[in-house]
file upload_25.txt (compact mmCIF, C-alpha atoms)
# COMPACT_ATOMS: atom_id res chain seq x y z
CA MET A 1 12.97 -47.31 1.88
CA PHE A 2 14.09 -50.65 3.26
CA VAL A 3 17.72 -51.42 3.95
CA LEU A 4 18.75 -55.02 4.56
CA GLY A 5 21.93 -55.48 6.58
CA ILE A 6 23.71 -58.83 6.25
CA ASP A 7 26.51 -60.03 8.51
CA PRO A 8 27.75 -62.94 6.40
CA GLY A 9 28.46 -66.32 7.94
CA LEU A 10 27.76 -69.97 7.31
CA THR A 11 26.86 -71.25 10.77
CA ARG A 12 25.03 -68.01 11.62
CA CYS A 13 24.30 -65.33 9.00
CA GLY A 14 22.81 -62.25 10.65
CA TYR A 15 20.19 -60.14 8.89
CA ALA A 16 18.19 -57.02 9.73
CA CYS A 17 15.66 -55.25 7.56
CA LEU A 18 15.18 -51.62 8.63
CA GLU A 19 12.86 -48.96 7.31
CA ALA A 20 14.30 -45.45 7.11
CA GLY A 21 12.37 -43.00 9.29
CA ALA A 22 11.17 -39.56 8.16
CA PRO A 23 13.88 -36.86 8.51
CA GLY A 24 14.82 -36.61 12.17
CA ARG A 25 12.90 -39.76 13.06
CA PRO A 26 14.50 -43.07 14.00
CA ALA A 27 14.62 -46.09 11.70
CA ARG A 28 12.24 -48.94 12.40
CA ALA A 29 13.14 -52.63 12.56
CA ARG A 30 10.99 -54.83 10.29
CA ALA A 31 12.86 -58.11 10.71
CA ILE A 32 15.97 -59.06 12.64
CA GLY A 33 17.37 -62.55 12.99
CA VAL A 34 19.88 -65.14 11.82
CA ILE A 35 19.91 -67.79 9.13
CA ARG A 36 21.59 -70.95 10.44
CA THR A 37 22.96 -73.94 8.58
CA ASP A 38 23.87 -77.21 10.24
CA PRO A 39 27.65 -77.69 10.71
CA GLY A 40 26.93 -81.42 10.46
CA ASP A 41 25.89 -81.06 6.81
CA GLY A 42 28.41 -80.93 3.98
CA LEU A 43 29.73 -77.57 2.78
CA PRO A 44 27.97 -77.61 -0.64
CA ALA A 45 24.61 -78.40 1.00
CA ARG A 46 25.10 -75.63 3.55
CA LEU A 47 26.01 -73.10 0.86
CA GLY A 48 23.02 -74.17 -1.24
CA GLU A 49 20.71 -73.82 1.74
CA LEU A 50 22.11 -70.40 2.66
CA GLN A 51 21.72 -69.23 -0.94
CA GLN A 52 18.05 -70.27 -0.93
CA GLU A 53 17.36 -68.64 2.44
CA LEU A 54 19.01 -65.40 1.33
CA ALA A 55 17.03 -65.39 -1.92
CA ASP A 56 13.79 -65.92 0.06
CA LEU A 57 14.72 -63.19 2.55
CA ILE A 58 15.45 -60.67 -0.21
CA ALA A 59 12.25 -61.59 -2.06
CA GLU A 60 10.21 -61.10 1.13
CA THR A 61 11.78 -57.85 2.30
CA ARG A 62 12.40 -56.26 -1.14
CA PRO A 63 15.21 -53.97 0.05
CA ALA A 64 16.34 -51.01 -2.05
CA VAL A 65 19.81 -51.43 -0.56
CA VAL A 66 21.64 -54.44 0.86
CA ALA A 67 24.55 -53.55 3.17
CA VAL A 68 27.10 -56.32 3.61
CA GLU A 69 30.08 -56.42 5.92
CA ARG A 70 33.33 -56.10 3.99
CA VAL A 71 35.28 -59.08 5.16
CA PHE A 72 38.98 -59.35 5.77
CA PHE A 73 41.00 -62.43 6.45
CA GLN A 74 43.03 -62.06 9.54
CA VAL A 75 41.59 -64.39 12.13
CA ASN A 76 40.84 -68.08 11.69
CA VAL A 77 41.45 -69.36 8.15
CA ARG A 78 38.54 -71.82 8.26
CA THR A 79 36.07 -69.19 9.53
CA ALA A 80 37.38 -66.64 7.03
CA MET A 81 36.75 -69.04 4.16
CA ALA A 82 33.13 -69.58 5.22
CA VAL A 83 32.58 -65.84 5.69
CA GLY A 84 33.97 -65.14 2.22
CA GLN A 85 31.76 -67.78 0.65
CA ALA A 86 28.67 -66.49 2.48
CA SER A 87 29.39 -62.86 1.53
CA GLY A 88 29.73 -63.84 -2.13
CA LEU A 89 26.32 -65.51 -2.05
CA ALA A 90 24.72 -62.52 -0.32
CA MET A 91 26.10 -60.00 -2.82
CA ALA A 92 25.24 -62.11 -5.86
CA GLU A 93 21.67 -62.69 -4.65
CA ALA A 94 21.16 -59.03 -3.81
CA HIS A 95 22.50 -57.97 -7.20
CA ARG A 96 20.30 -60.52 -8.94
CA ALA A 97 17.25 -59.08 -7.13
CA GLY A 98 18.10 -55.58 -8.38
CA ALA A 99 19.11 -54.11 -5.03
CA GLU A 100 21.99 -51.69 -4.66
CA VAL A 101 24.78 -53.47 -2.80
CA VAL A 102 27.10 -51.55 -0.49
CA GLU A 103 29.93 -52.76 1.74
CA TYR A 104 31.11 -51.29 5.02
CA THR A 105 34.10 -52.30 7.11
CA PRO A 106 33.58 -53.32 10.74
CA THR A 107 35.33 -50.09 11.79
CA GLN A 108 32.95 -47.95 9.71
CA VAL A 109 29.97 -49.74 11.27
CA LYS A 110 31.19 -49.32 14.85
CA GLN A 111 32.05 -45.68 14.23
CA ALA A 112 28.61 -44.96 12.75
CA VAL A 113 26.61 -46.77 15.43
CA ALA A 114 28.66 -46.36 18.61
CA GLY A 115 30.83 -43.35 17.69
CA ASP A 116 33.93 -45.47 18.27
CA GLY A 117 35.57 -47.66 15.63
CA ARG A 118 36.87 -49.96 18.37
CA ALA A 119 33.54 -50.50 20.17
CA ASP A 120 32.98 -54.06 21.40
CA LYS A 121 30.05 -56.32 20.51
CA ASP A 122 28.07 -55.44 23.65
CA GLN A 123 28.37 -51.70 22.99
CA VAL A 124 27.21 -52.21 19.41
CA ALA A 125 24.24 -54.33 20.51
CA ARG A 126 23.21 -51.74 23.15
CA MET A 127 23.44 -48.88 20.64
CA VAL A 128 21.38 -50.87 18.12
CA GLN A 129 18.77 -51.42 20.84
CA ALA A 130 18.69 -47.70 21.69
CA LEU A 131 18.67 -46.43 18.08
CA LEU A 132 15.83 -48.76 17.08
CA GLY A 133 13.90 -48.37 20.35
CA LEU A 134 13.88 -52.11 21.00
CA ALA A 135 12.85 -53.59 24.36
CA VAL A 136 15.93 -55.80 24.36
CA ALA A 137 19.20 -55.90 22.40
CA PRO A 138 19.09 -58.23 19.39
CA ARG A 139 20.63 -61.66 20.00
CA PRO A 140 22.81 -63.35 18.87
CA ALA A 141 25.55 -60.82 18.10
CA ASP A 142 25.31 -61.63 14.37
CA ALA A 143 21.76 -60.23 14.29
CA ALA A 144 22.83 -57.07 16.15
CA ASP A 145 25.78 -56.67 13.77
CA ALA A 146 23.46 -56.93 10.77
CA ALA A 147 21.22 -54.21 12.26
CA ALA A 148 24.32 -52.08 12.87
CA LEU A 149 25.28 -52.48 9.19
CA ALA A 150 21.87 -51.27 8.06
CA LEU A 151 22.03 -48.35 10.53
CA CYS A 152 25.52 -47.50 9.23
CA HIS A 153 24.12 -47.28 5.71
CA LEU A 154 21.25 -45.07 6.83
CA ALA A 155 23.77 -42.76 8.52
CA HIS A 156 25.90 -42.62 5.37
CA ALA A 157 23.02 -42.46 2.88
CA PRO A 158 22.38 -38.67 3.08
CA ILE A 159 26.07 -38.05 2.42
CA ARG A 160 26.07 -40.49 -0.48
CA ARG A 161 23.05 -38.70 -1.97
CA GLN A 162 24.74 -35.31 -1.62
CA VAL A 163 27.82 -36.65 -3.37
CA ALA A 164 25.67 -38.05 -6.17
CA VAL A 165 23.83 -34.74 -6.57
CA GLY A 166 27.11 -32.85 -6.52
CA ARG A 167 28.45 -35.11 -9.24
CA GLY A 168 25.28 -34.91 -11.30
CA MET B 169 29.20 -89.50 -16.93
CA PHE B 170 30.20 -85.86 -17.15
CA VAL B 171 32.49 -84.27 -14.58
CA LEU B 172 32.77 -80.50 -14.46
CA GLY B 173 35.98 -79.16 -12.95
CA ILE B 174 35.91 -75.57 -11.68
CA ASP B 175 38.98 -73.54 -10.71
CA PRO B 176 37.24 -70.71 -8.85
CA GLY B 177 38.18 -67.09 -9.49
CA LEU B 178 36.52 -63.78 -10.16
CA THR B 179 38.69 -62.33 -12.92
CA ARG B 180 39.14 -65.76 -14.52
CA CYS B 181 37.13 -68.81 -13.42
CA GLY B 182 38.39 -71.92 -15.20
CA TYR B 183 36.04 -74.74 -16.18
CA ALA B 184 36.37 -78.07 -17.94
CA CYS B 185 33.63 -80.57 -18.69
CA LEU B 186 35.04 -84.07 -19.25
CA GLU B 187 33.32 -87.30 -20.16
CA ALA B 188 34.63 -90.42 -18.45
CA GLY B 189 35.99 -92.96 -20.94
CA ALA B 190 35.14 -96.68 -20.94
CA PRO B 191 37.38 -98.68 -18.54
CA GLY B 192 40.97 -98.32 -19.72
CA ARG B 193 40.05 -95.56 -22.18
CA PRO B 194 40.95 -91.89 -21.73
CA ALA B 195 38.46 -89.22 -20.74
CA ARG B 196 37.25 -86.84 -23.44
CA ALA B 197 37.06 -83.07 -23.18
CA ARG B 198 33.61 -81.65 -23.99
CA ALA B 199 34.23 -78.02 -23.05
CA ILE B 200 37.23 -76.22 -21.61
CA GLY B 201 37.52 -72.49 -21.02
CA VAL B 202 37.27 -69.61 -18.60
CA ILE B 203 34.49 -67.32 -17.42
CA ARG B 204 35.78 -63.77 -17.11
CA THR B 205 34.30 -60.79 -15.31
CA ASP B 206 35.46 -57.23 -15.83
CA PRO B 207 37.69 -55.92 -13.00
CA GLY B 208 36.32 -52.47 -13.89
CA ASP B 209 32.82 -53.47 -12.72
CA GLY B 210 31.78 -53.40 -9.08
CA LEU B 211 32.17 -56.52 -6.94
CA PRO B 212 28.41 -57.24 -6.58
CA ALA B 213 27.90 -56.98 -10.37
CA ARG B 214 30.86 -59.28 -11.01
CA LEU B 215 29.60 -61.85 -8.49
CA GLY B 216 26.10 -61.68 -9.96
CA GLU B 217 27.47 -62.18 -13.47
CA LEU B 218 29.68 -65.09 -12.41
CA GLN B 219 26.72 -66.71 -10.64
CA GLN B 220 24.63 -66.48 -13.81
CA GLU B 221 27.43 -67.80 -16.03
CA LEU B 222 28.02 -70.73 -13.67
CA ALA B 223 24.31 -71.54 -13.56
CA ASP B 224 24.19 -71.48 -17.40
CA LEU B 225 27.31 -73.65 -17.65
CA ILE B 226 25.92 -76.25 -15.25
CA ALA B 227 22.54 -76.24 -17.03
CA GLU B 228 24.24 -76.78 -20.41
CA THR B 229 26.71 -79.47 -19.35
CA ARG B 230 24.50 -81.28 -16.80
CA PRO B 231 27.42 -82.78 -14.85
CA ALA B 232 26.86 -85.66 -12.42
CA VAL B 233 29.78 -84.35 -10.40
CA VAL B 234 31.28 -80.88 -9.97
CA ALA B 235 34.88 -80.88 -8.72
CA VAL B 236 35.98 -77.59 -7.13
CA GLU B 237 39.41 -76.61 -5.91
CA ARG B 238 39.54 -76.48 -2.12
CA VAL B 239 40.91 -73.03 -1.47
CA PHE B 240 43.28 -71.93 1.23
CA PHE B 241 44.24 -68.44 2.19
CA GLN B 242 47.94 -68.02 2.21
CA VAL B 243 48.85 -65.73 -0.66
CA ASN B 244 47.29 -62.36 -1.47
CA VAL B 245 44.39 -61.39 0.81
CA ARG B 246 42.47 -59.61 -1.95
CA THR B 247 42.81 -62.54 -4.36
CA ALA B 248 41.94 -65.01 -1.62
CA MET B 249 38.71 -63.16 -0.86
CA ALA B 250 37.61 -63.28 -4.51
CA VAL B 251 38.51 -66.96 -4.79
CA GLY B 252 36.49 -67.75 -1.67
CA GLN B 253 33.48 -65.84 -2.97
CA ALA B 254 33.71 -67.53 -6.37
CA SER B 255 34.05 -71.00 -4.86
CA GLY B 256 30.96 -70.41 -2.71
CA LEU B 257 28.93 -69.49 -5.78
CA ALA B 258 30.19 -72.53 -7.70
CA MET B 259 29.35 -74.98 -4.91
CA ALA B 260 25.93 -73.46 -4.22
CA GLU B 261 24.97 -73.50 -7.92
CA ALA B 262 26.19 -77.08 -8.37
CA HIS B 263 24.28 -78.20 -5.29
CA ARG B 264 21.16 -76.40 -6.48
CA ALA B 265 21.40 -78.22 -9.83
CA GLY B 266 21.53 -81.58 -8.06
CA ALA B 267 25.15 -82.41 -8.86
CA GLU B 268 27.45 -84.13 -6.39
CA VAL B 269 30.05 -81.59 -5.27
CA VAL B 270 33.56 -82.71 -4.36
CA GLU B 271 36.62 -80.69 -3.35
CA TYR B 272 40.27 -81.48 -3.99
CA THR B 273 43.32 -79.64 -2.75
CA PRO B 274 45.88 -78.33 -5.27
CA THR B 275 48.31 -80.98 -3.99
CA GLN B 276 45.81 -83.80 -4.61
CA VAL B 277 45.21 -82.50 -8.14
CA LYS B 278 48.90 -82.24 -9.01
CA GLN B 279 49.59 -85.66 -7.54
CA ALA B 280 46.75 -87.26 -9.52
CA VAL B 281 47.57 -85.61 -12.86
CA ALA B 282 51.35 -85.21 -12.81
CA GLY B 283 52.34 -87.78 -10.17
CA ASP B 284 53.97 -85.01 -8.14
CA GLY B 285 52.15 -82.84 -5.60
CA ARG B 286 54.62 -80.03 -6.28
CA ALA B 287 54.28 -79.99 -10.08
CA ASP B 288 54.28 -76.51 -11.61
CA LYS B 289 51.57 -75.02 -13.83
CA ASP B 290 53.36 -75.94 -17.07
CA GLN B 291 53.73 -79.56 -16.03
CA VAL B 292 50.06 -79.74 -15.12
CA ALA B 293 49.01 -78.18 -18.44
CA ARG B 294 51.21 -80.60 -20.41
CA MET B 295 49.82 -83.62 -18.54
CA VAL B 296 46.26 -82.41 -19.13
CA GLN B 297 47.07 -82.10 -22.83
CA ALA B 298 48.53 -85.63 -22.94
CA LEU B 299 45.78 -87.29 -20.86
CA LEU B 300 43.01 -85.74 -22.98
CA GLY B 301 44.81 -86.15 -26.32
CA LEU B 302 44.57 -82.43 -27.10
CA ALA B 303 46.53 -80.82 -29.94
CA VAL B 304 47.65 -78.02 -27.61
CA ALA B 305 47.67 -77.48 -23.85
CA PRO B 306 44.61 -75.58 -22.56
CA ARG B 307 45.19 -71.86 -22.01
CA PRO B 308 45.02 -69.89 -19.77
CA ALA B 309 46.30 -71.86 -16.78
CA ASP B 310 42.90 -71.56 -15.05
CA ALA B 311 41.33 -73.67 -17.82
CA ALA B 312 44.08 -76.30 -17.57
CA ASP B 313 43.70 -76.35 -13.77
CA ALA B 314 39.95 -76.94 -14.11
CA ALA B 315 40.62 -79.86 -16.46
CA ALA B 316 43.16 -81.22 -13.98
CA LEU B 317 40.50 -81.05 -11.23
CA ALA B 318 38.07 -83.08 -13.32
CA LEU B 319 40.82 -85.59 -14.19
CA CYS B 320 41.69 -85.83 -10.50
CA HIS B 321 38.10 -86.74 -9.72
CA LEU B 322 38.02 -89.38 -12.48
CA ALA B 323 41.20 -90.88 -11.02
CA HIS B 324 39.71 -90.95 -7.52
CA ALA B 325 36.19 -91.99 -8.56
CA PRO B 326 36.85 -95.76 -8.82
CA ILE B 327 38.32 -95.72 -5.31
CA ARG B 328 35.38 -93.70 -4.04
CA ARG B 329 32.98 -96.24 -5.57
CA GLN B 330 34.83 -99.16 -3.98
CA VAL B 331 34.68 -97.45 -0.62
CA ALA B 332 30.96 -96.85 -1.08
CA VAL B 333 30.37 -100.49 -2.06
CA GLY B 334 32.48 -101.69 0.84
CA ARG B 335 30.44 -99.56 3.20
CA GLY B 336 27.15 -100.60 1.64
call {"tool": "encode", "arguments": {"input": "upload_25.txt", "output": "structure tokens"}}
result
Amino acid sequence: MFVLGIDPGLTRCGYACLEAGAPGRPARARAIGVIRTDPGDGLPARLGELQQELADLIAETRPAVVAVERVFFQVNVRTAMAVGQASGLAMAEAHRAGAEVVEYTPTQVKQAVAGDGRADKDQVARMVQALLGLAVAPRPADAADAAALALCHLAHAPIRRQVAVGRG
Amino acid sequence: MFVLGIDPGLTRCGYACLEAGAPGRPARARAIGVIRTDPGDGLPARLGELQQELADLIAETRPAVVAVERVFFQVNVRTAMAVGQASGLAMAEAHRAGAEVVEYTPTQVKQAVAGDGRADKDQVARMVQALLGLAVAPRPADAADAAALALCHLAHAPIRRQVAVGRG
């Protein structure tokens, strides 16, 4: 099963496609990177380009689940706007492609990956490197954050399945 | 020339397709309404549905220009998030369809339609009714706001053309 993590953003949108390992085995990274759009282009063109890149990425990786960061607006208003717009595109494209879409808060992701909801970006990147057995930590931070999102889903997935079975 | 105004939202997304009149003649309304998604559905499903409805609307009305409200985050965080996501979808779909995409602030829209940047929703709806020669004001307010956006663009368009000619 492939899980695609997406850390939404307009200037840099992180993504990481992971394959769940057999029980007790680590997940494997199939693709980790960032989609960039040019801040010199107009907003509609950038959103259109990001939408196309996300559609291509989802078509290529065919994830069963797309995990997106649940965004809050508390920092910079301009950045928050772009993150909201990018997250909307990511969720709509994933839904259109038939993937299950799940959201996790930054605190859930840090807790799942680093065991500490207040872990900093370097700690998250180092834990992603260790958990996926990578030679180096993913760069930039957006790519590492996307991998952490996918790892967070893989950590939660067994619990989610148990809940579903229990409900069934 | 058709101008499609979009007042982005997830529960209610207003739209209004107007046809520019001959010089000195009023614009005509071709379609005014709202796209609704069910708050009982999950966010990804609602975003996917809105994306599809927007794509259908743009394909049917074939606007040369799509005017979208420039959104700011100052009110309710949850509402603001949904508005941001909806506006991203609207701009990306319009860009994909080859339309010119323009943004206007609420103040610009109120100033253009009601002559007062602090006009309330009722004033805007009444001015939309008068300017388009409608028997009744568009309801709900999201539909009237979308029509006001398109009227705002038609009011600014001659100036934009002059600027373009002057630059050319």
call {"tool": "atom_distance", "arguments": {"input": "upload_25.txt", "atom1": "CA of Gln279 (chain B)", "atom2": "CA of Gly266 (chain B)"}}
result
28.4 Å
call {"tool": "residues_around", "arguments": {"input": "upload_25.txt", "residues": "Ala16 (chain A)", "least_positions_apart": "3", "cutoff": "6 Å", "atoms": "all atoms listed in the file", "output": "PyMOL selection string"}}
result
chain A and resi 4-5+31-32+146-147
call {"tool": "atom_distance", "arguments": {"input": "upload_25.txt", "atom1": "CA of Thr205 (chain B)", "atom2": "CA of Thr61 (chain A)"}}
result
28.7 Å
call {"tool": "atom_distance", "arguments": {"input": "upload_25.txt", "atom1": "CA of Gly177 (chain B)", "atom2": "CA of Ser255 (chain B)"}}
result
7.3 Å
call {"tool": "closest_atom_pairs", "arguments": {"input": "upload_25.txt", "of": "chain A", "to": "chain B", "cutoff": "8 Å", "atoms": "all atoms listed in the file", "output": "Markdown table"}}
result
| residue | atom | partner | partner_atom | distance |
| --- | --- | --- | --- | --- |
| A:Pro44 | CA | B:Met259 | CA | 5.2 |
| A:Ala45 | CA | B:His263 | CA | 6.3 |
| A:Leu47 | CA | B:Ala260 | CA | 5.1 |
| A:Gly48 | CA | B:Ala260 | CA | 4.2 |
| A:Glu49 | CA | B:Ala260 | CA | 7.9 |
| A:Gln51 | CA | B:Ala260 | CA | 6.8 |
| A:Phe72 | CA | B:Val245 | CA | 7.6 |
| A:Phe73 | CA | B:Val245 | CA | 6.7 |
| A:Val77 | CA | B:Phe241 | CA | 6.6 |
| A:Met81 | CA | B:Gly252 | CA | 6.0 |
| A:Ala82 | CA | B:Gly252 | CA | 7.9 |
| A:Gly84 | CA | B:Gln253 | CA | 5.3 |
| A:Gln85 | CA | B:Gly256 | CA | 4.3 |
| A:Ala86 | CA | B:Gly256 | CA | 6.9 |
| A:Ser87 | CA | B:Gln253 | CA | 6.8 |
| A:Gly88 | CA | B:Gln253 | CA | 4.3 |
| A:Leu89 | CA | B:Leu257 | CA | 6.0 |
| A:Met91 | CA | B:Pro212 | CA | 5.2 |
| A:Ala92 | CA | B:Gly216 | CA | 4.2 |
| A:Glu93 | CA | B:Gly216 | CA | 7.0 |
| A:Ala94 | CA | B:Pro212 | CA | 8.0 |
| A:His95 | CA | B:Gly216 | CA | 5.9 |
| A:Arg96 | CA | B:Gly216 | CA | 6.0 |
| A:Val101 | CA | B:Pro212 | CA | 6.5 |
call {"tool": "write_last_selection", "arguments": {"input": "upload_25.txt", "atoms": "C-alpha atoms", "output": "compact mmCIF listing (two decimals), in the frame of the given file"}}
result
# COMPACT_ATOMS: atom_id res chain seq x y z
CA PRO A 44 27.97 -77.61 -0.64
CA ALA A 45 24.61 -78.40 1.00
CA LEU A 47 26.01 -73.10 0.86
CA GLY A 48 23.02 -74.17 -1.24
CA GLU A 49 20.71 -73.82 1.74
CA GLN A 51 21.72 -69.23 -0.94
CA PHE A 72 38.98 -59.35 5.77
CA PHE A 73 41.00 -62.43 6.45
CA VAL A 77 41.45 -69.36 8.15
CA MET A 81 36.75 -69.04 4.16
CA ALA A 82 33.13 -69.58 5.22
CA GLY A 84 33.97 -65.14 2.22
CA GLN A 85 31.76 -67.78 0.65
CA ALA A 86 28.67 -66.49 2.48
CA SER A 87 29.39 -62.86 1.53
CA GLY A 88 29.73 -63.84 -2.13
CA LEU A 89 26.32 -65.51 -2.05
CA MET A 91 26.10 -60.00 -2.82
CA ALA A 92 25.24 -62.11 -5.86
CA GLU A 93 21.67 -62.69 -4.65
CA ALA A 94 21.16 -59.03 -3.81
CA HIS A 95 22.50 -57.97 -7.20
CA ARG A 96 20.30 -60.52 -8.94
CA VAL A 101 24.78 -53.47 -2.80
call {"tool": "residues_around", "arguments": {"input": "upload_25.txt", "residues": "Glu19 (chain A)", "least_positions_apart": "4", "cutoff": "6 Å", "atoms": "all atoms listed in the file", "output": "PyMOL selection string"}}
result
chain A and resi 1-2+27-28
call {"tool": "closest_residue", "arguments": {"input": "upload_25.txt", "among": "B:Pro194, B:Pro176, B:Gly208, B:Gly201", "to": "Gly301 (chain B)", "atoms": "only C-alpha atoms"}}
result
B:Pro194
call {"tool": "residues_around", "arguments": {"input": "upload_25.txt", "residues": "Ala114 (chain A)", "least_positions_apart": "2", "cutoff": "12 Å", "atoms": "all atoms listed in the file", "output": "short mmCIF file (atom, residue, chain, number, x, y, z; two decimals) with C-alpha atoms, in the frame of the given file"}}
result
data_model
loop_
_atom_site.label_atom_id
_atom_site.label_comp_id
_atom_site.auth_asym_id
_atom_site.auth_seq_id
_atom_site.Cartn_x
_atom_site.Cartn_y
_atom_site.Cartn_z
CA PRO A 106 33.58 -53.32 10.74
CA THR A 107 35.33 -50.09 11.79
CA GLN A 108 32.95 -47.95 9.71
CA VAL A 109 29.97 -49.74 11.27
CA LYS A 110 31.19 -49.32 14.85
CA GLN A 111 32.05 -45.68 14.23
CA ALA A 112 28.61 -44.96 12.75
CA ASP A 116 33.93 -45.47 18.27
CA GLY A 117 35.57 -47.66 15.63
CA ARG A 118 36.87 -49.96 18.37
CA ALA A 119 33.54 -50.50 20.17
CA ASP A 120 32.98 -54.06 21.40
CA LYS A 121 30.05 -56.32 20.51
CA ASP A 122 28.07 -55.44 23.65
CA GLN A 123 28.37 -51.70 22.99
CA VAL A 124 27.21 -52.21 19.41
CA ALA A 125 24.24 -54.33 20.51
CA ARG A 126 23.21 -51.74 23.15
CA MET A 127 23.44 -48.88 20.64
CA VAL A 128 21.38 -50.87 18.12
CA GLN A 129 18.77 -51.42 20.84
CA ALA A 130 18.69 -47.70 21.69
CA LEU A 131 18.67 -46.43 18.08
CA ASP A 145 25.78 -56.67 13.77
CA ALA A 148 24.32 -52.08 12.87
CA LEU A 149 25.28 -52.48 9.19
CA LEU A 151 22.03 -48.35 10.53
CA CYS A 152 25.52 -47.50 9.23
CA ALA A 155 23.77 -42.76 8.52
#
call {"tool": "closest_residue", "arguments": {"input": "upload_25.txt", "among": "B:Val171, B:Ala325, B:Ile226, B:Ala311", "to": "Leu186 (chain B)", "atoms": "only C-alpha atoms"}}
result
B:Val171
call {"tool": "closest_residue", "arguments": {"input": "upload_25.txt", "among": "B:Tyr183, B:Leu222, B:Asp175, B:Ala190", "to": "Thr273 (chain B)", "atoms": "all atoms listed in the file"}}
result
B:Asp175
call {"tool": "closest_residue", "arguments": {"input": "upload_25.txt", "among": "B:Val202, B:Val236, B:Gly283, B:Gly189", "to": "Pro306 (chain B)", "atoms": "all atoms listed in the file"}}
result
B:Val202
